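Text of the file work-v1.cif, holding mmCIF, C-alpha atoms:
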```cif
data_data
loop_
_atom_site.label_atom_id
_atom_site.label_comp_id
_atom_site.auth_asym_id
_atom_site.auth_seq_id
_atom_site.Cartn_x
_atom_site.Cartn_y
_atom_site.Cartn_z
CA MET A 1 -38.44 -42.64 -39.07
CA PRO A 2 -41.79 -44.33 -38.29
CA PRO A 3 -43.18 -46.57 -41.04
CA GLN A 4 -45.30 -44.78 -43.60
CA ALA A 5 -49.02 -44.91 -42.88
CA SER A 6 -50.98 -46.25 -45.81
CA ALA A 7 -54.32 -47.64 -46.92
CA GLY A 8 -55.74 -48.91 -50.16
CA GLN A 9 -56.29 -51.98 -52.32
CA LEU A 10 -54.48 -55.30 -51.94
CA ASP A 11 -52.92 -56.63 -55.13
CA ALA A 12 -53.54 -60.16 -56.45
CA ASP A 13 -50.55 -61.66 -54.61
CA GLN A 14 -51.54 -60.05 -51.32
CA ILE A 15 -55.10 -61.32 -51.75
CA ASP A 16 -53.79 -64.83 -52.41
CA GLU A 17 -51.48 -64.65 -49.40
CA LEU A 18 -54.32 -63.70 -47.04
CA LEU A 19 -56.59 -66.46 -48.38
CA ARG A 20 -53.82 -69.05 -47.82
CA ALA A 21 -52.85 -67.78 -44.37
CA GLU A 22 -56.28 -67.54 -42.75
CA TYR A 23 -58.66 -70.39 -41.98
CA ILE A 24 -61.95 -68.76 -40.94
CA ALA A 25 -64.15 -67.09 -43.56
CA ARG A 26 -67.68 -65.78 -43.50
CA ILE A 27 -70.00 -66.99 -46.21
CA ALA A 28 -73.00 -64.82 -47.02
CA CYS A 29 -75.85 -66.32 -48.99
CA HIS A 30 -79.37 -65.34 -49.88
CA ALA A 31 -82.50 -67.15 -51.05
CA SER A 32 -86.26 -66.78 -50.66
CA GLY A 33 -85.94 -63.35 -49.07
CA ARG A 34 -83.52 -64.55 -46.37
CA THR A 35 -79.92 -63.29 -46.13
CA TYR A 36 -77.54 -65.27 -43.94
CA VAL A 37 -73.90 -64.95 -42.95
CA VAL A 38 -71.98 -67.51 -40.95
CA PRO A 39 -68.32 -68.20 -40.15
CA VAL A 40 -66.83 -71.36 -41.65
CA LEU A 41 -63.53 -73.19 -41.58
CA TYR A 42 -62.06 -73.26 -45.07
CA ALA A 43 -59.10 -74.47 -47.12
CA TYR A 44 -57.89 -72.70 -50.27
CA ASP A 45 -55.87 -74.07 -53.17
CA GLY A 46 -55.49 -70.97 -55.32
CA ASP A 47 -58.69 -71.47 -57.30
CA TYR A 48 -61.29 -72.86 -54.96
CA VAL A 49 -62.33 -72.39 -51.39
CA TYR A 50 -63.37 -75.68 -49.74
CA GLY A 51 -65.58 -76.25 -46.76
CA HIS A 52 -67.87 -78.78 -45.16
CA ALA A 53 -71.29 -78.38 -43.64
CA SER A 54 -74.04 -80.20 -41.90
CA GLU A 55 -77.62 -79.91 -43.10
CA GLY A 56 -79.13 -76.60 -42.07
CA MET A 57 -79.92 -73.06 -43.15
CA LYS A 58 -76.57 -72.45 -44.84
CA LEU A 59 -76.82 -75.48 -47.12
CA ARG A 60 -80.50 -74.86 -47.81
CA LEU A 61 -79.84 -71.29 -48.96
CA MET A 62 -76.69 -72.10 -50.97
CA ARG A 63 -78.47 -74.90 -52.79
CA ALA A 64 -81.37 -72.59 -53.62
CA ASN A 65 -79.03 -69.78 -54.75
CA PRO A 66 -75.38 -70.84 -55.23
CA GLU A 67 -74.09 -67.29 -55.82
CA VAL A 68 -72.40 -66.47 -52.52
CA CYS A 69 -70.09 -63.82 -51.07
CA PHE A 70 -67.01 -64.61 -49.03
CA ASP A 71 -65.11 -62.53 -46.42
CA VAL A 72 -61.65 -63.21 -44.97
CA GLU A 73 -60.09 -60.84 -42.45
CA ARG A 74 -56.88 -60.23 -40.56
CA ILE A 75 -57.72 -57.51 -38.07
CA GLU A 76 -54.88 -56.58 -35.73
CA SER A 77 -56.47 -53.33 -34.62
CA LEU A 78 -58.78 -50.59 -35.87
CA THR A 79 -55.89 -49.10 -37.84
CA ASP A 80 -54.03 -52.25 -38.89
CA TRP A 81 -56.13 -54.67 -40.90
CA ARG A 82 -56.58 -56.34 -44.26
CA THR A 83 -59.68 -57.96 -45.73
CA VAL A 84 -60.55 -59.92 -48.84
CA ILE A 85 -64.09 -60.05 -50.20
CA GLY A 86 -64.81 -62.59 -52.92
CA TRP A 87 -67.77 -63.77 -54.92
CA GLY A 88 -68.24 -67.24 -56.28
CA ARG A 89 -70.47 -70.20 -56.95
CA PHE A 90 -71.26 -72.87 -54.39
CA GLU A 91 -70.89 -76.43 -55.66
CA GLU A 92 -71.53 -79.63 -53.73
CA LEU A 93 -68.82 -82.27 -54.12
CA HIS A 94 -69.08 -86.05 -54.30
CA GLY A 95 -66.78 -89.03 -54.75
CA ASP A 96 -63.12 -88.32 -55.47
CA ALA A 97 -63.64 -84.56 -55.54
CA ALA A 98 -65.18 -84.70 -52.07
CA ASN A 99 -62.34 -86.88 -50.78
CA HIS A 100 -59.76 -84.44 -52.18
CA ALA A 101 -61.50 -81.48 -50.55
CA GLU A 102 -61.83 -83.32 -47.25
CA GLN A 103 -58.11 -84.07 -47.34
CA LEU A 104 -57.28 -80.38 -47.87
CA LEU A 105 -59.52 -79.45 -44.94
CA VAL A 106 -57.94 -82.04 -42.66
CA GLU A 107 -54.45 -80.82 -43.62
CA ARG A 108 -55.52 -77.23 -42.93
CA VAL A 109 -56.79 -78.16 -39.48
CA MET A 110 -53.67 -80.21 -38.70
CA ARG A 111 -51.47 -77.18 -39.35
CA LEU A 112 -53.49 -75.26 -36.75
CA LEU A 113 -53.25 -77.80 -33.97
CA PRO A 114 -50.45 -77.71 -31.43
CA ALA A 115 -47.81 -80.39 -31.96
CA THR A 116 -49.19 -83.74 -30.89
CA PRO A 117 -47.95 -87.32 -31.05
CA LYS A 118 -47.74 -88.31 -34.68
CA ALA A 119 -50.14 -91.20 -34.33
CA ARG A 120 -52.93 -88.81 -33.48
CA SER A 121 -53.60 -87.44 -36.92
CA GLY A 122 -53.67 -90.89 -38.49
CA ASP A 123 -55.66 -92.62 -35.78
CA HIS A 124 -58.41 -90.05 -35.49
CA PRO A 125 -59.39 -88.78 -38.92
CA ALA A 126 -61.96 -85.99 -38.91
CA PRO A 127 -65.42 -87.47 -39.21
CA ARG A 128 -66.93 -86.90 -42.66
CA ARG A 129 -69.55 -84.16 -42.44
CA ALA A 130 -72.78 -84.44 -44.34
CA VAL A 131 -71.63 -82.29 -47.24
CA VAL A 132 -68.32 -81.16 -48.72
CA TYR A 133 -68.44 -78.19 -51.06
CA ARG A 134 -66.28 -75.77 -52.96
CA ILE A 135 -66.68 -72.20 -54.09
CA ALA A 136 -65.00 -71.05 -57.29
CA LEU A 137 -63.90 -67.50 -56.54
CA VAL A 138 -64.70 -65.70 -59.78
CA GLU A 139 -64.22 -62.21 -58.37
CA ARG A 140 -62.13 -60.99 -55.46
CA SER A 141 -60.96 -57.71 -54.02
CA GLY A 142 -58.86 -56.74 -51.05
CA ARG A 143 -58.38 -53.68 -48.88
CA TYR A 144 -55.97 -52.76 -46.15
CA GLU A 145 -55.09 -50.01 -43.71
CA ARG A 146 -51.89 -49.63 -41.72
CA ARG A 147 -51.28 -46.52 -39.64
CA MET B 1 -60.17 -82.99 -13.66
CA PRO B 2 -60.17 -81.14 -16.99
CA PRO B 3 -63.05 -78.73 -17.55
CA GLN B 4 -66.14 -80.28 -19.08
CA ALA B 5 -66.26 -80.02 -22.86
CA SER B 6 -69.49 -78.54 -24.12
CA ALA B 7 -71.19 -77.01 -27.13
CA GLY B 8 -74.63 -75.61 -27.85
CA GLN B 9 -76.76 -72.49 -27.89
CA LEU B 10 -75.94 -69.22 -26.12
CA ASP B 11 -78.73 -67.87 -23.93
CA ALA B 12 -80.04 -64.30 -24.20
CA ASP B 13 -77.61 -62.92 -21.59
CA GLN B 14 -74.63 -64.57 -23.26
CA ILE B 15 -75.72 -63.18 -26.64
CA ASP B 16 -76.02 -59.71 -25.15
CA GLU B 17 -72.61 -60.01 -23.48
CA LEU B 18 -70.89 -60.94 -26.74
CA LEU B 19 -72.56 -58.08 -28.65
CA ARG B 20 -71.40 -55.58 -26.00
CA ALA B 21 -67.87 -56.95 -25.75
CA GLU B 22 -66.97 -57.14 -29.43
CA TYR B 23 -66.61 -54.25 -31.87
CA ILE B 24 -66.28 -55.81 -35.33
CA ALA B 25 -69.31 -57.36 -36.99
CA ARG B 26 -70.00 -58.58 -40.50
CA ILE B 27 -73.08 -57.25 -42.21
CA ALA B 28 -74.51 -59.33 -45.02
CA CYS B 29 -76.96 -57.71 -47.40
CA HIS B 30 -78.57 -58.57 -50.70
CA ALA B 31 -80.27 -56.66 -53.50
CA SER B 32 -80.63 -56.93 -57.27
CA GLY B 33 -79.09 -60.40 -57.36
CA ARG B 34 -75.95 -59.34 -55.48
CA THR B 35 -75.04 -60.69 -52.03
CA TYR B 36 -72.38 -58.81 -50.07
CA VAL B 37 -70.69 -59.26 -46.71
CA VAL B 38 -68.30 -56.79 -45.17
CA PRO B 39 -66.77 -56.21 -41.74
CA VAL B 40 -67.86 -53.06 -39.90
CA LEU B 41 -67.09 -51.32 -36.65
CA TYR B 42 -70.22 -51.23 -34.50
CA ALA B 43 -71.61 -50.05 -31.19
CA TYR B 44 -74.50 -51.78 -29.41
CA ASP B 45 -76.92 -50.40 -26.82
CA GLY B 46 -79.03 -53.45 -26.09
CA ASP B 47 -81.60 -52.82 -28.82
CA TYR B 48 -79.78 -51.43 -31.81
CA VAL B 49 -76.49 -51.94 -33.56
CA TYR B 50 -75.00 -48.67 -34.82
CA GLY B 51 -72.49 -48.08 -37.58
CA HIS B 52 -71.32 -45.54 -40.08
CA ALA B 53 -70.51 -45.90 -43.73
CA SER B 54 -69.28 -44.04 -46.75
CA GLU B 55 -71.19 -44.19 -50.01
CA GLY B 56 -70.55 -47.50 -51.76
CA MET B 57 -71.86 -50.99 -52.41
CA LYS B 58 -72.87 -51.65 -48.81
CA LEU B 59 -75.08 -48.58 -48.54
CA ARG B 60 -76.50 -49.08 -52.01
CA LEU B 61 -77.60 -52.64 -51.22
CA MET B 62 -78.91 -51.86 -47.71
CA ARG B 63 -80.99 -48.96 -49.04
CA ALA B 64 -82.41 -51.21 -51.78
CA ASN B 65 -83.14 -54.03 -49.30
CA PRO B 66 -82.88 -53.07 -45.61
CA GLU B 67 -83.29 -56.64 -44.30
CA VAL B 68 -79.73 -57.57 -43.31
CA CYS B 69 -77.93 -60.30 -41.41
CA PHE B 70 -75.30 -59.64 -38.77
CA ASP B 71 -72.43 -61.82 -37.46
CA VAL B 72 -70.31 -61.28 -34.34
CA GLU B 73 -67.60 -63.75 -33.36
CA ARG B 74 -65.14 -64.49 -30.61
CA ILE B 75 -62.93 -67.25 -31.98
CA GLU B 76 -60.10 -68.30 -29.68
CA SER B 77 -59.42 -71.53 -31.55
CA LEU B 78 -61.18 -74.17 -33.63
CA THR B 79 -62.56 -75.71 -30.45
CA ASP B 80 -63.14 -72.59 -28.33
CA TRP B 81 -65.47 -70.07 -29.94
CA ARG B 82 -68.81 -68.31 -29.67
CA THR B 83 -70.80 -66.57 -32.38
CA VAL B 84 -73.98 -64.50 -32.57
CA ILE B 85 -76.00 -64.26 -35.77
CA GLY B 86 -78.74 -61.63 -35.89
CA TRP B 87 -81.25 -60.33 -38.36
CA GLY B 88 -82.58 -56.82 -38.50
CA ARG B 89 -83.63 -53.81 -40.47
CA PHE B 90 -81.18 -51.16 -41.69
CA GLU B 91 -82.27 -47.57 -41.00
CA GLU B 92 -80.40 -44.41 -41.94
CA LEU B 93 -80.19 -41.83 -39.16
CA HIS B 94 -80.32 -38.04 -39.29
CA GLY B 95 -80.21 -35.12 -36.88
CA ASP B 96 -80.23 -35.92 -33.15
CA ALA B 97 -80.51 -39.66 -33.75
CA ALA B 98 -77.40 -39.55 -35.94
CA ASN B 99 -75.52 -37.48 -33.36
CA HIS B 100 -76.45 -39.95 -30.61
CA ALA B 101 -75.26 -42.90 -32.70
CA GLU B 102 -72.05 -41.12 -33.64
CA GLN B 103 -71.39 -40.48 -29.96
CA LEU B 104 -71.83 -44.17 -29.12
CA LEU B 105 -69.43 -45.11 -31.91
CA VAL B 106 -66.81 -42.61 -30.76
CA GLU B 107 -67.10 -43.90 -27.18
CA ARG B 108 -66.73 -47.48 -28.44
CA VAL B 109 -63.57 -46.58 -30.35
CA MET B 110 -62.13 -44.65 -27.41
CA ARG B 111 -62.43 -47.73 -25.18
CA LEU B 112 -60.33 -49.65 -27.72
CA LEU B 113 -57.49 -47.19 -27.99
CA PRO B 114 -54.43 -47.42 -25.77
CA ALA B 115 -54.29 -44.80 -23.04
CA THR B 116 -53.42 -41.46 -24.60
CA PRO B 117 -53.16 -37.90 -23.30
CA LYS B 118 -56.64 -36.81 -22.34
CA ALA B 119 -56.70 -33.91 -24.75
CA ARG B 120 -56.50 -36.27 -27.66
CA SER B 121 -60.06 -37.51 -27.65
CA GLY B 122 -61.48 -34.01 -27.35
CA ASP B 123 -59.15 -32.34 -29.82
CA HIS B 124 -59.53 -34.83 -32.62
CA PRO B 125 -63.12 -35.97 -32.83
CA ALA B 126 -63.76 -38.69 -35.39
CA PRO B 127 -64.75 -37.12 -38.69
CA ARG B 128 -68.45 -37.58 -39.44
CA ARG B 129 -68.83 -40.21 -42.14
CA ALA B 130 -71.34 -39.78 -44.91
CA VAL B 131 -74.01 -41.89 -43.28
CA VAL B 132 -74.83 -43.08 -39.77
CA TYR B 133 -77.23 -46.00 -39.48
CA ARG B 134 -78.72 -48.43 -37.03
CA ILE B 135 -80.00 -51.96 -37.28
CA ALA B 136 -82.84 -53.08 -35.04
CA LEU B 137 -81.98 -56.69 -34.18
CA VAL B 138 -85.35 -58.39 -34.35
CA GLU B 139 -83.98 -61.93 -34.23
CA ARG B 140 -80.75 -63.26 -32.79
CA SER B 141 -79.19 -66.60 -32.01
CA GLY B 142 -75.88 -67.69 -30.56
CA ARG B 143 -73.75 -70.82 -30.57
CA TYR B 144 -70.62 -71.87 -28.78
CA GLU B 145 -68.15 -74.67 -28.46
CA ARG B 146 -65.57 -75.23 -25.75
CA ARG B 147 -63.50 -78.40 -25.66
#
```

Just give me the structure as structure tokens.
Amino acid sequence: MPPQASAGQLDADQIDELLRAEYIARIACHASGRTYVVPVLYAYDGDYVYGHASEGMKLRLMRANPEVCFDVERIESLTDWRTVIGWGRFEELHGDAANHAEQLLVERVMRLLPATPKARSGDHPAPRRAVVYRIALVERSGRYERR
Amino acid sequence: MPPQASAGQLDADQIDELLRAEYIARIACHASGRTYVVPVLYAYDGDYVYGHASEGMKLRLMRANPEVCFDVERIESLTDWRTVIGWGRFEELHGDAANHAEQLLVERVMRLLPATPKARSGDHPAPRRAVVYRIALVERSGRYERR
């Protein structure tokens, strides 16, 4: 028999699994009458989403209004997809907290790269971007379809 | 020699090409203190982006504040990607305009489906969703990286 077609809500474990598995999210933010959405590389530790950014529109808007929305997708086809939408609060990190976040981001990127000589990850650390931030996901929901 | 690494802005033709080639966008909207971003299926005719939606948060927010932001991506890897971010005005469609938009959306979906017996597209038209809309893209920008 073919697998059962289904669609509906993701449960908390499925939401967590998608957030850990993916690495590109879209952050939507809004301030001063301007709405903006942009893809970002992220790392996730179960509570927070971490990212880094250079100075620009995204940082300007998130500083002005830290309440942001967050979208992660795994879209195989029009009839086989899952998405997580979350809401949370942008927070700029400094000092040890920034170093911890940067480390998580570097580890996330390293897992994406093809196997390379071991020296490479140690010899060429990612350059520190202007700003490291986290978003506490206070609300999240997930949907899926599989037909 | 390896291909030259490069990064920068997409020109108008490259922006147009990406909008025509892709079919999933993220619409970000904001009203009453709530920011929302959600992936949508879209069709593009050079001027407008068309989509359909059921009643829900997305429609509620776009009706309250029709100024939305729009994100289309082609991400091959962390170092090979292009994105287009656009801004425009949400507009609900009715009558002939809605039928025209629905037709563009059906054609867009049909081009994505694997080859199927010809009768299929005619016998099973997509059900009309609650609302058909368009977004006039009044501002757009594109970026890419290839290393």

Set the cut-off to 7 Å and count all atoms listed in the file: what are the residues of chain A that reach chain B? Output as a ChimeraX atom specification.
/A:28-30,35-38,68-71

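The space between atom CA of Pro114 of chain A and atom CA of Ala21 of chain A spans 16.5 Å.
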
Least-squares superposed chain B, target chain A, every Cα, as a PDB file with C-alpha atoms, in the frame of the given file:
```pdb
ATOM      1  CA  MET B   1     -38.726 -42.284 -38.709  1.00  0.00           C
ATOM      2  CA  PRO B   2     -42.039 -44.058 -38.083  1.00  0.00           C
ATOM      3  CA  PRO B   3     -43.231 -46.372 -40.846  1.00  0.00           C
ATOM      4  CA  GLN B   4     -45.305 -44.702 -43.529  1.00  0.00           C
ATOM      5  CA  ALA B   5     -49.038 -44.873 -42.893  1.00  0.00           C
ATOM      6  CA  SER B   6     -50.960 -46.233 -45.837  1.00  0.00           C
ATOM      7  CA  ALA B   7     -54.291 -47.646 -46.933  1.00  0.00           C
ATOM      8  CA  GLY B   8     -55.724 -48.932 -50.189  1.00  0.00           C
ATOM      9  CA  GLN B   9     -56.276 -51.989 -52.339  1.00  0.00           C
ATOM     10  CA  LEU B  10     -54.469 -55.320 -51.967  1.00  0.00           C
ATOM     11  CA  ASP B  11     -52.920 -56.640 -55.171  1.00  0.00           C
ATOM     12  CA  ALA B  12     -53.546 -60.165 -56.482  1.00  0.00           C
ATOM     13  CA  ASP B  13     -50.542 -61.671 -54.658  1.00  0.00           C
ATOM     14  CA  GLN B  14     -51.535 -60.068 -51.366  1.00  0.00           C
ATOM     15  CA  ILE B  15     -55.102 -61.351 -51.787  1.00  0.00           C
ATOM     16  CA  ASP B  16     -53.799 -64.843 -52.460  1.00  0.00           C
ATOM     17  CA  GLU B  17     -51.472 -64.677 -49.449  1.00  0.00           C
ATOM     18  CA  LEU B  18     -54.295 -63.723 -47.088  1.00  0.00           C
ATOM     19  CA  LEU B  19     -56.579 -66.491 -48.406  1.00  0.00           C
ATOM     20  CA  ARG B  20     -53.821 -69.082 -47.860  1.00  0.00           C
ATOM     21  CA  ALA B  21     -52.831 -67.818 -44.421  1.00  0.00           C
ATOM     22  CA  GLU B  22     -56.249 -67.570 -42.796  1.00  0.00           C
ATOM     23  CA  TYR B  23     -58.647 -70.413 -42.020  1.00  0.00           C
ATOM     24  CA  ILE B  24     -61.926 -68.786 -40.966  1.00  0.00           C
ATOM     25  CA  ALA B  25     -64.116 -67.114 -43.564  1.00  0.00           C
ATOM     26  CA  ARG B  26     -67.658 -65.796 -43.506  1.00  0.00           C
ATOM     27  CA  ILE B  27     -69.986 -67.000 -46.210  1.00  0.00           C
ATOM     28  CA  ALA B  28     -72.967 -64.818 -46.998  1.00  0.00           C
ATOM     29  CA  CYS B  29     -75.833 -66.314 -48.956  1.00  0.00           C
ATOM     30  CA  HIS B  30     -79.364 -65.335 -49.850  1.00  0.00           C
ATOM     31  CA  ALA B  31     -82.499 -67.133 -50.996  1.00  0.00           C
ATOM     32  CA  SER B  32     -86.256 -66.768 -50.585  1.00  0.00           C
ATOM     33  CA  GLY B  33     -85.939 -63.341 -48.979  1.00  0.00           C
ATOM     34  CA  ARG B  34     -83.499 -64.531 -46.306  1.00  0.00           C
ATOM     35  CA  THR B  35     -79.900 -63.286 -46.077  1.00  0.00           C
ATOM     36  CA  TYR B  36     -77.500 -65.284 -43.909  1.00  0.00           C
ATOM     37  CA  VAL B  37     -73.859 -64.957 -42.919  1.00  0.00           C
ATOM     38  CA  VAL B  38     -71.940 -67.528 -40.944  1.00  0.00           C
ATOM     39  CA  PRO B  39     -68.291 -68.228 -40.149  1.00  0.00           C
ATOM     40  CA  VAL B  40     -66.795 -71.386 -41.658  1.00  0.00           C
ATOM     41  CA  LEU B  41     -63.506 -73.220 -41.597  1.00  0.00           C
ATOM     42  CA  TYR B  42     -62.029 -73.270 -45.097  1.00  0.00           C
ATOM     43  CA  ALA B  43     -59.099 -74.485 -47.150  1.00  0.00           C
ATOM     44  CA  TYR B  44     -57.886 -72.715 -50.298  1.00  0.00           C
ATOM     45  CA  ASP B  45     -55.873 -74.084 -53.220  1.00  0.00           C
ATOM     46  CA  GLY B  46     -55.496 -70.993 -55.363  1.00  0.00           C
ATOM     47  CA  ASP B  47     -58.702 -71.489 -57.346  1.00  0.00           C
ATOM     48  CA  TYR B  48     -61.304 -72.862 -54.995  1.00  0.00           C
ATOM     49  CA  VAL B  49     -62.345 -72.406 -51.410  1.00  0.00           C
ATOM     50  CA  TYR B  50     -63.371 -75.687 -49.773  1.00  0.00           C
ATOM     51  CA  GLY B  51     -65.588 -76.285 -46.774  1.00  0.00           C
ATOM     52  CA  HIS B  52     -67.872 -78.800 -45.184  1.00  0.00           C
ATOM     53  CA  ALA B  53     -71.275 -78.381 -43.649  1.00  0.00           C
ATOM     54  CA  SER B  54     -74.038 -80.206 -41.881  1.00  0.00           C
ATOM     55  CA  GLU B  55     -77.609 -79.929 -43.093  1.00  0.00           C
ATOM     56  CA  GLY B  56     -79.103 -76.600 -42.038  1.00  0.00           C
ATOM     57  CA  MET B  57     -79.905 -73.060 -43.110  1.00  0.00           C
ATOM     58  CA  LYS B  58     -76.563 -72.454 -44.807  1.00  0.00           C
ATOM     59  CA  LEU B  59     -76.826 -75.465 -47.097  1.00  0.00           C
ATOM     60  CA  ARG B  60     -80.495 -74.848 -47.779  1.00  0.00           C
ATOM     61  CA  LEU B  61     -79.843 -71.277 -48.932  1.00  0.00           C
ATOM     62  CA  MET B  62     -76.689 -72.098 -50.939  1.00  0.00           C
ATOM     63  CA  ARG B  63     -78.489 -74.908 -52.775  1.00  0.00           C
ATOM     64  CA  ALA B  64     -81.394 -72.558 -53.564  1.00  0.00           C
ATOM     65  CA  ASN B  65     -79.034 -69.775 -54.712  1.00  0.00           C
ATOM     66  CA  PRO B  66     -75.394 -70.825 -55.221  1.00  0.00           C
ATOM     67  CA  GLU B  67     -74.094 -67.275 -55.803  1.00  0.00           C
ATOM     68  CA  VAL B  68     -72.386 -66.468 -52.494  1.00  0.00           C
ATOM     69  CA  CYS B  69     -70.089 -63.834 -51.050  1.00  0.00           C
ATOM     70  CA  PHE B  70     -66.995 -64.627 -49.020  1.00  0.00           C
ATOM     71  CA  ASP B  71     -65.077 -62.558 -46.422  1.00  0.00           C
ATOM     72  CA  VAL B  72     -61.612 -63.228 -44.985  1.00  0.00           C
ATOM     73  CA  GLU B  73     -60.041 -60.858 -42.471  1.00  0.00           C
ATOM     74  CA  ARG B  74     -56.835 -60.250 -40.597  1.00  0.00           C
ATOM     75  CA  ILE B  75     -57.657 -57.523 -38.094  1.00  0.00           C
ATOM     76  CA  GLU B  76     -54.809 -56.605 -35.761  1.00  0.00           C
ATOM     77  CA  SER B  77     -56.414 -53.354 -34.644  1.00  0.00           C
ATOM     78  CA  LEU B  78     -58.731 -50.620 -35.889  1.00  0.00           C
ATOM     79  CA  THR B  79     -55.850 -49.113 -37.844  1.00  0.00           C
ATOM     80  CA  ASP B  80     -53.977 -52.263 -38.910  1.00  0.00           C
ATOM     81  CA  TRP B  81     -56.090 -54.679 -40.927  1.00  0.00           C
ATOM     82  CA  ARG B  82     -56.543 -56.350 -44.292  1.00  0.00           C
ATOM     83  CA  THR B  83     -59.644 -57.972 -45.737  1.00  0.00           C
ATOM     84  CA  VAL B  84     -60.524 -59.947 -48.861  1.00  0.00           C
ATOM     85  CA  ILE B  85     -64.069 -60.058 -50.202  1.00  0.00           C
ATOM     86  CA  GLY B  86     -64.809 -62.606 -52.922  1.00  0.00           C
ATOM     87  CA  TRP B  87     -67.766 -63.779 -54.913  1.00  0.00           C
ATOM     88  CA  GLY B  88     -68.267 -67.246 -56.269  1.00  0.00           C
ATOM     89  CA  ARG B  89     -70.490 -70.180 -56.971  1.00  0.00           C
ATOM     90  CA  PHE B  90     -71.268 -72.870 -54.387  1.00  0.00           C
ATOM     91  CA  GLU B  91     -70.910 -76.442 -55.676  1.00  0.00           C
ATOM     92  CA  GLU B  92     -71.544 -79.632 -53.729  1.00  0.00           C
ATOM     93  CA  LEU B  93     -68.851 -82.279 -54.141  1.00  0.00           C
ATOM     94  CA  HIS B  94     -69.109 -86.060 -54.330  1.00  0.00           C
ATOM     95  CA  GLY B  95     -66.808 -89.035 -54.774  1.00  0.00           C
ATOM     96  CA  ASP B  96     -63.137 -88.319 -55.524  1.00  0.00           C
ATOM     97  CA  ALA B  97     -63.677 -84.560 -55.592  1.00  0.00           C
ATOM     98  CA  ALA B  98     -65.202 -84.708 -52.108  1.00  0.00           C
ATOM     99  CA  ASN B  99     -62.356 -86.888 -50.833  1.00  0.00           C
ATOM    100  CA  HIS B 100     -59.780 -84.455 -52.240  1.00  0.00           C
ATOM    101  CA  ALA B 101     -61.507 -81.494 -50.586  1.00  0.00           C
ATOM    102  CA  GLU B 102     -61.834 -83.342 -47.295  1.00  0.00           C
ATOM    103  CA  GLN B 103     -58.116 -84.083 -47.403  1.00  0.00           C
ATOM    104  CA  LEU B 104     -57.279 -80.402 -47.917  1.00  0.00           C
ATOM    105  CA  LEU B 105     -59.504 -79.467 -44.985  1.00  0.00           C
ATOM    106  CA  VAL B 106     -57.923 -82.065 -42.707  1.00  0.00           C
ATOM    107  CA  GLU B 107     -54.439 -80.849 -43.681  1.00  0.00           C
ATOM    108  CA  ARG B 108     -55.500 -77.253 -42.983  1.00  0.00           C
ATOM    109  CA  VAL B 109     -56.762 -78.198 -39.525  1.00  0.00           C
ATOM    110  CA  MET B 110     -53.648 -80.234 -38.750  1.00  0.00           C
ATOM    111  CA  ARG B 111     -51.439 -77.198 -39.421  1.00  0.00           C
ATOM    112  CA  LEU B 112     -53.453 -75.281 -36.810  1.00  0.00           C
ATOM    113  CA  LEU B 113     -53.217 -77.813 -34.031  1.00  0.00           C
ATOM    114  CA  PRO B 114     -50.423 -77.719 -31.475  1.00  0.00           C
ATOM    115  CA  ALA B 115     -47.794 -80.403 -31.947  1.00  0.00           C
ATOM    116  CA  THR B 116     -49.240 -83.730 -30.858  1.00  0.00           C
ATOM    117  CA  PRO B 117     -48.014 -87.325 -30.947  1.00  0.00           C
ATOM    118  CA  LYS B 118     -47.801 -88.338 -34.573  1.00  0.00           C
ATOM    119  CA  ALA B 119     -50.254 -91.180 -34.214  1.00  0.00           C
ATOM    120  CA  ARG B 120     -52.998 -88.761 -33.380  1.00  0.00           C
ATOM    121  CA  SER B 121     -53.667 -87.422 -36.839  1.00  0.00           C
ATOM    122  CA  GLY B 122     -53.754 -90.887 -38.371  1.00  0.00           C
ATOM    123  CA  ASP B 123     -55.753 -92.565 -35.631  1.00  0.00           C
ATOM    124  CA  HIS B 124     -58.502 -90.003 -35.384  1.00  0.00           C
ATOM    125  CA  PRO B 125     -59.395 -88.758 -38.831  1.00  0.00           C
ATOM    126  CA  ALA B 126     -61.955 -85.964 -38.881  1.00  0.00           C
ATOM    127  CA  PRO B 127     -65.429 -87.431 -39.223  1.00  0.00           C
ATOM    128  CA  ARG B 128     -66.892 -86.850 -42.686  1.00  0.00           C
ATOM    129  CA  ARG B 129     -69.539 -84.150 -42.455  1.00  0.00           C
ATOM    130  CA  ALA B 130     -72.766 -84.447 -44.366  1.00  0.00           C
ATOM    131  CA  VAL B 131     -71.646 -82.300 -47.260  1.00  0.00           C
ATOM    132  CA  VAL B 132     -68.340 -81.167 -48.741  1.00  0.00           C
ATOM    133  CA  TYR B 133     -68.455 -78.187 -51.082  1.00  0.00           C
ATOM    134  CA  ARG B 134     -66.287 -75.772 -52.977  1.00  0.00           C
ATOM    135  CA  ILE B 135     -66.690 -72.203 -54.099  1.00  0.00           C
ATOM    136  CA  ALA B 136     -65.034 -71.054 -57.305  1.00  0.00           C
ATOM    137  CA  LEU B 137     -63.920 -67.490 -56.552  1.00  0.00           C
ATOM    138  CA  VAL B 138     -64.714 -65.692 -59.779  1.00  0.00           C
ATOM    139  CA  GLU B 139     -64.224 -62.196 -58.380  1.00  0.00           C
ATOM    140  CA  ARG B 140     -62.130 -60.990 -55.475  1.00  0.00           C
ATOM    141  CA  SER B 141     -60.961 -57.714 -54.027  1.00  0.00           C
ATOM    142  CA  GLY B 142     -58.848 -56.751 -51.052  1.00  0.00           C
ATOM    143  CA  ARG B 143     -58.344 -53.682 -48.892  1.00  0.00           C
ATOM    144  CA  TYR B 144     -55.935 -52.762 -46.162  1.00  0.00           C
ATOM    145  CA  GLU B 145     -55.049 -50.040 -43.742  1.00  0.00           C
ATOM    146  CA  ARG B 146     -51.863 -49.614 -41.747  1.00  0.00           C
ATOM    147  CA  ARG B 147     -51.273 -46.507 -39.665  1.00  0.00           C
TER     148      ARG B 147
END
```
